[in-house]
$ cat entry_12.cif   # mmCIF, C-alpha atoms
data_run
loop_
_atom_site.label_atom_id
_atom_site.label_comp_id
_atom_site.auth_asym_id
_atom_site.auth_seq_id
_atom_site.Cartn_x
_atom_site.Cartn_y
_atom_site.Cartn_z
CA MET A 151 166.03 7.46 -49.58
CA GLN A 152 166.35 11.09 -48.53
CA SER A 153 163.32 12.80 -47.06
CA LYS A 154 162.10 15.97 -48.73
CA ASN A 155 159.82 18.67 -47.37
CA GLU A 156 158.89 22.11 -48.69
CA MET A 157 156.99 25.18 -47.58
CA LYS A 158 156.18 28.59 -49.03
CA LEU A 159 154.99 31.75 -47.29
CA GLU A 160 154.03 35.13 -48.69
CA PHE A 161 153.75 38.15 -46.42
CA ASP A 162 153.61 41.95 -46.50
CA ALA A 163 156.90 43.85 -46.70
CA ARG A 164 156.55 45.11 -43.14
CA SER A 165 159.39 45.01 -40.61
CA VAL A 166 157.15 43.25 -38.08
CA ASN A 167 157.08 40.20 -40.40
CA GLU A 168 160.84 39.63 -40.10
CA GLY A 169 160.28 37.87 -36.76
CA PHE A 170 157.47 35.80 -38.27
CA ALA A 171 159.81 34.64 -41.04
CA ARG A 172 162.55 33.67 -38.54
CA LEU A 173 160.17 31.64 -36.40
CA SER A 174 158.53 29.99 -39.40
CA VAL A 175 161.87 28.70 -40.69
CA ALA A 176 162.90 27.57 -37.19
CA ALA A 177 159.64 25.61 -36.84
CA PHE A 178 160.04 24.14 -40.31
CA ILE A 179 163.49 22.67 -39.58
CA ALA A 180 162.81 21.68 -35.95
CA GLY A 181 162.12 18.05 -36.94
CA GLU A 182 165.71 17.69 -38.13
CA ASN A 183 167.01 18.47 -34.62
CA PRO A 184 169.43 21.23 -35.60
CA THR A 185 171.93 22.33 -32.97
CA LEU A 186 171.27 25.63 -31.22
CA ASP A 187 174.17 27.15 -33.18
CA GLU A 188 172.74 25.93 -36.50
CA LEU A 189 169.31 27.24 -35.59
CA SER A 190 170.74 30.61 -34.55
CA ASP A 191 172.79 30.87 -37.77
CA ILE A 192 169.80 30.09 -39.97
CA LYS A 193 167.50 32.49 -38.13
CA THR A 194 170.07 35.28 -38.42
CA ALA A 195 170.54 34.68 -42.16
CA VAL A 196 166.77 34.65 -42.71
CA SER A 197 166.43 37.90 -40.74
CA GLU A 198 169.04 39.58 -42.89
CA ALA A 199 167.54 38.39 -46.18
CA VAL A 200 163.98 39.34 -45.22
CA THR A 201 165.08 42.72 -43.85
CA ASN A 202 166.96 43.43 -47.09
CA ALA A 203 163.84 42.63 -49.12
CA ILE A 204 161.68 44.88 -46.94
CA ILE A 205 164.09 47.82 -46.60
CA HIS A 206 165.81 47.83 -49.99
CA GLY A 207 163.34 46.04 -52.27
CA TYR A 208 160.24 48.10 -51.66
CA ASP A 209 158.93 51.49 -50.61
CA ASP A 210 155.40 50.15 -50.18
CA PRO A 211 154.62 47.80 -47.25
CA GLU A 212 151.69 46.36 -49.20
CA GLN A 213 154.16 44.61 -51.52
CA LYS A 214 154.92 40.95 -50.86
CA VAL A 215 157.99 39.02 -49.78
CA VAL A 216 158.06 35.32 -50.60
CA LEU A 217 159.89 32.86 -48.34
CA CYS A 218 160.42 29.29 -49.51
CA CYS A 219 162.14 26.48 -47.66
CA ARG A 220 163.15 23.13 -49.03
CA LEU A 221 164.59 20.45 -46.83
CA GLU A 222 166.21 17.56 -48.62
CA GLY A 223 168.11 15.12 -46.48
CA LYS A 224 170.22 17.26 -44.16
CA THR A 225 170.36 20.32 -46.44
CA ILE A 226 168.05 23.27 -45.97
CA GLU A 227 167.57 25.63 -48.90
CA ILE A 228 165.93 28.96 -48.08
CA THR A 229 164.84 31.42 -50.75
CA VAL A 230 163.75 34.97 -49.99
CA GLU A 231 162.35 36.84 -52.96
CA ASP A 232 160.91 40.26 -53.69
CA ARG A 233 159.58 41.79 -56.90
CA GLY A 234 160.94 45.22 -56.04
CA LYS A 235 163.65 47.56 -57.20
CA GLY A 236 166.39 45.02 -57.83
CA ILE A 237 170.12 45.49 -57.36
CA ALA A 238 172.19 47.29 -60.00
CA ASP A 239 175.49 45.65 -59.05
CA VAL A 240 175.18 42.49 -56.94
CA LYS A 241 178.94 42.13 -56.44
CA THR A 242 179.21 45.65 -54.98
CA ALA A 243 176.04 45.19 -52.90
CA MET A 244 177.54 42.08 -51.30
CA GLU A 245 180.65 43.93 -50.09
CA PRO A 246 180.75 44.50 -46.31
CA PHE A 247 179.50 47.93 -45.17
CA TYR A 248 177.84 48.73 -48.53
CA THR A 249 174.35 50.17 -48.10
CA THR A 250 171.96 52.10 -50.29
CA LYS A 251 170.21 53.57 -47.24
CA PRO A 252 172.82 55.10 -44.92
CA GLU A 253 170.19 57.54 -43.64
CA LEU A 254 168.49 54.57 -41.96
CA GLU A 255 171.74 53.72 -40.18
CA ARG A 256 171.97 50.38 -41.99
CA SER A 257 175.28 48.60 -41.34
CA GLY A 258 175.70 47.16 -44.81
CA MET A 259 176.54 43.76 -43.32
CA GLY A 260 173.44 41.80 -44.37
CA PHE A 261 175.03 39.76 -47.15
CA ALA A 262 178.24 39.32 -45.13
CA PHE A 263 176.22 37.82 -42.27
CA MET A 264 174.32 35.55 -44.66
CA GLU A 265 177.60 34.30 -46.12
CA ALA A 266 179.13 33.82 -42.66
CA PHE A 267 176.22 31.80 -41.28
CA MET A 268 175.23 29.73 -44.31
CA ASP A 269 177.25 27.29 -46.42
CA GLU A 270 176.23 28.92 -49.70
CA VAL A 271 174.56 32.19 -50.70
CA GLN A 272 173.47 33.07 -54.23
CA VAL A 273 171.91 36.40 -55.21
CA ILE A 274 169.97 36.84 -58.44
CA SER A 275 168.70 40.34 -59.19
CA ALA A 276 167.57 42.57 -62.03
CA LEU A 277 166.73 46.26 -61.83
CA GLY A 278 162.99 46.82 -61.72
CA GLU A 279 162.28 43.10 -61.42
CA GLY A 280 163.41 42.23 -57.91
CA THR A 281 165.88 40.09 -56.04
CA LYS A 282 166.08 36.44 -55.08
CA VAL A 283 168.45 35.29 -52.34
CA ILE A 284 169.07 31.53 -52.19
CA MET A 285 170.84 30.19 -49.09
CA ARG A 286 171.86 26.62 -48.28
CA LYS A 287 173.14 24.97 -45.13
CA ARG A 288 173.74 21.39 -44.06
CA ILE A 289 172.35 20.73 -40.60
CA GLY A 290 172.85 18.00 -38.05
CA VAL A 291 176.00 16.63 -39.65
#
$ encode --input "entry_12.cif" --output "structure tokens"
Amino acid sequence: MQSKNEMKLEFDARSVNEGFARLSVAAFIAGENPTLDELSDIKTAVSEAVTNAIIHGYDDPEQKVVLCCRLEGKTIEITVEDRGKGIADVKTAMEPFYTTKPELERSGMGFAFMEAFMDEVQVISALGEGTKVIMRKRIGV
């Protein structure tokens, strides 16, 4: 029988909360004894997803970002969701170096990093409704 564990956090869309999200996910999966590389990969992907929600999803830091984690067996599923602006063209947004905020010196590599560090990345978005990023990775295998 596979073990299953879940958690859900909601926090303000403030850059300072990106670190909180990283550490929360790291603590959540610690019981599965991930390697340092796995832990680093997951924390980087979470940072990118949360930063995207904060920077591109909202203009108001009072808005909320929702982070959910589900651990089933050796697979971690992480969902980062905002109810912000949404993405007009997900395929284009996922291309390396694409950014909607070049004035903030954004690299446009967020989705590329998520895809590089996780086994699977899915992006669901609708203009005016927000964006949900679902990432999966097998750990300790």
$ atom_distance --input "entry_12.cif" --atom1 "atom CA of A:Arg288" --atom2 "atom CA of A:Lys158"
19.6 Å
$ residues_near_point --input "entry_12.cif" --point "(159.2, 43.7, -43.9)" --cutoff "12 Å" --atoms "all atoms listed in the file" --output "JSON, numbers by chain"
{"A": [160, 161, 162, 163, 164, 165, 166, 167, 168, 169, 170, 171, 172, 196, 197, 198, 199, 200, 201, 202, 203, 204, 205, 206, 207, 208, 209, 210, 211, 212, 213, 214, 215, 216, 217, 230, 231, 232]}
$ resolve_selection --input "entry_12.cif" --expression "the PyMOL selection byres ((chain A and resi 153) around 12)" --output "list in words"
Met151, Gln152, Lys154, Asn155, Glu156, Gly181, Glu182, Arg220, Leu221, Glu222, Gly223, Lys224, Thr225 and Ile226 of chain A
$ closest_residue --input "entry_12.cif" --among "A:Met285, A:Ile179, A:Leu173, A:Val291" --to "A:Ala266" --atoms "only C-alpha atoms"
A:Met285
$ atom_distance --input "entry_12.cif" --atom1 "atom CA of A:Glu279" --atom2 "atom CA of A:Ile237"
9.1 Å
$ closest_residue --input "entry_12.cif" --among "A:Gly290, A:Gly280, A:Gly260, A:Pro184" --to "A:Lys235" --atoms "only C-alpha atoms"
A:Gly280
$ closest_residue --input "entry_12.cif" --among "A:Ser174, A:Cys218, A:Gly278, A:Ala195" --to "A:Ala262" --atoms "only C-alpha atoms"
A:Ala195
$ resolve_selection --input "entry_12.cif" --expression "the PyMOL selection byres ((chain A and resi 268-272) around 7)" --output "number ranges by chain"
A: 192, 264-267, 273-274, 283-287
$ atom_distance --input "entry_12.cif" --atom1 "atom CA of A:Val240" --atom2 "atom CA of A:Phe263"
15.4 Å
$ build_atoms --input "entry_12.cif" --residues "stretch 221-246 of chain A" --atoms "N, CA and C atoms" --output "mmCIF file, in the frame of the given file"
data_model
loop_
_atom_site.group_PDB
_atom_site.id
_atom_site.type_symbol
_atom_site.label_atom_id
_atom_site.label_comp_id
_atom_site.auth_asym_id
_atom_site.auth_seq_id
_atom_site.Cartn_x
_atom_site.Cartn_y
_atom_site.Cartn_z
ATOM 1 N N LEU A 221 163.725 21.295 -47.621
ATOM 2 C CA LEU A 221 164.590 20.450 -46.830
ATOM 3 C C LEU A 221 164.732 19.125 -47.558
ATOM 4 N N GLU A 222 165.959 18.822 -47.935
ATOM 5 C CA GLU A 222 166.210 17.560 -48.620
ATOM 6 C C GLU A 222 167.382 16.892 -47.921
ATOM 7 N N GLY A 223 167.088 15.761 -47.299
ATOM 8 C CA GLY A 223 168.110 15.120 -46.480
ATOM 9 C C GLY A 223 168.469 16.059 -45.347
ATOM 10 N N LYS A 224 169.737 16.377 -45.222
ATOM 11 C CA LYS A 224 170.220 17.260 -44.160
ATOM 12 C C LYS A 224 170.535 18.674 -44.664
ATOM 13 N N THR A 225 170.090 18.997 -45.878
ATOM 14 C CA THR A 225 170.360 20.320 -46.440
ATOM 15 C C THR A 225 169.078 21.132 -46.487
ATOM 16 N N ILE A 226 169.162 22.326 -45.901
ATOM 17 C CA ILE A 226 168.050 23.270 -45.970
ATOM 18 C C ILE A 226 168.379 24.311 -47.028
ATOM 19 N N GLU A 227 167.441 24.564 -47.904
ATOM 20 C CA GLU A 227 167.570 25.630 -48.900
ATOM 21 C C GLU A 227 166.469 26.636 -48.608
ATOM 22 N N ILE A 228 166.868 27.883 -48.413
ATOM 23 C CA ILE A 228 165.930 28.960 -48.080
ATOM 24 C C ILE A 228 166.028 30.016 -49.173
ATOM 25 N N THR A 229 164.893 30.382 -49.725
ATOM 26 C CA THR A 229 164.840 31.420 -50.750
ATOM 27 C C THR A 229 163.969 32.559 -50.248
ATOM 28 N N VAL A 230 164.503 33.770 -50.329
ATOM 29 C CA VAL A 230 163.750 34.970 -49.990
ATOM 30 C C VAL A 230 163.711 35.823 -51.250
ATOM 31 N N GLU A 231 162.496 36.164 -51.675
ATOM 32 C CA GLU A 231 162.350 36.840 -52.960
ATOM 33 C C GLU A 231 161.413 38.034 -52.861
ATOM 34 N N ASP A 232 161.795 39.098 -53.544
ATOM 35 C CA ASP A 232 160.910 40.260 -53.690
ATOM 36 C C ASP A 232 160.801 40.581 -55.178
ATOM 37 N N ARG A 233 159.788 41.321 -55.522
ATOM 38 C CA ARG A 233 159.580 41.790 -56.900
ATOM 39 C C ARG A 233 159.736 43.303 -56.940
ATOM 40 N N GLY A 234 160.744 43.778 -56.214
ATOM 41 C CA GLY A 234 160.940 45.220 -56.040
ATOM 42 C C GLY A 234 161.936 45.831 -56.988
ATOM 43 N N LYS A 235 162.746 46.718 -56.434
ATOM 44 C CA LYS A 235 163.650 47.560 -57.200
ATOM 45 C C LYS A 235 164.778 46.803 -57.894
ATOM 46 N N GLY A 236 165.240 45.728 -57.288
ATOM 47 C CA GLY A 236 166.390 45.020 -57.830
ATOM 48 C C GLY A 236 167.692 45.679 -57.421
ATOM 49 N N ILE A 237 168.782 45.019 -57.715
ATOM 50 C CA ILE A 237 170.120 45.490 -57.360
ATOM 51 C C ILE A 237 170.895 45.735 -58.647
ATOM 52 N N ALA A 238 171.449 46.934 -58.787
ATOM 53 C CA ALA A 238 172.190 47.290 -60.000
ATOM 54 C C ALA A 238 173.481 46.498 -60.127
ATOM 55 N N ASP A 239 174.202 46.330 -59.032
ATOM 56 C CA ASP A 239 175.490 45.650 -59.050
ATOM 57 C C ASP A 239 175.566 44.718 -57.840
ATOM 58 N N VAL A 240 175.237 43.459 -58.035
ATOM 59 C CA VAL A 240 175.180 42.490 -56.940
ATOM 60 C C VAL A 240 176.539 42.346 -56.256
ATOM 61 N N LYS A 241 177.608 42.300 -57.026
ATOM 62 C CA LYS A 241 178.940 42.130 -56.440
ATOM 63 C C LYS A 241 179.251 43.265 -55.456
ATOM 64 N N THR A 242 178.981 44.499 -55.858
ATOM 65 C CA THR A 242 179.210 45.650 -54.980
ATOM 66 C C THR A 242 178.291 45.596 -53.769
ATOM 67 N N ALA A 243 177.018 45.252 -53.990
ATOM 68 C CA ALA A 243 176.040 45.190 -52.900
ATOM 69 C C ALA A 243 176.429 44.165 -51.840
ATOM 70 N N MET A 244 177.163 43.137 -52.234
ATOM 71 C CA MET A 244 177.540 42.080 -51.300
ATOM 72 C C MET A 244 178.812 42.420 -50.511
ATOM 73 N N GLU A 245 179.451 43.538 -50.833
ATOM 74 C CA GLU A 245 180.650 43.930 -50.090
ATOM 75 C C GLU A 245 180.264 44.414 -48.697
ATOM 76 N N PRO A 246 181.049 44.038 -47.671
ATOM 77 C CA PRO A 246 180.750 44.500 -46.310
ATOM 78 C C PRO A 246 180.685 46.023 -46.237
#
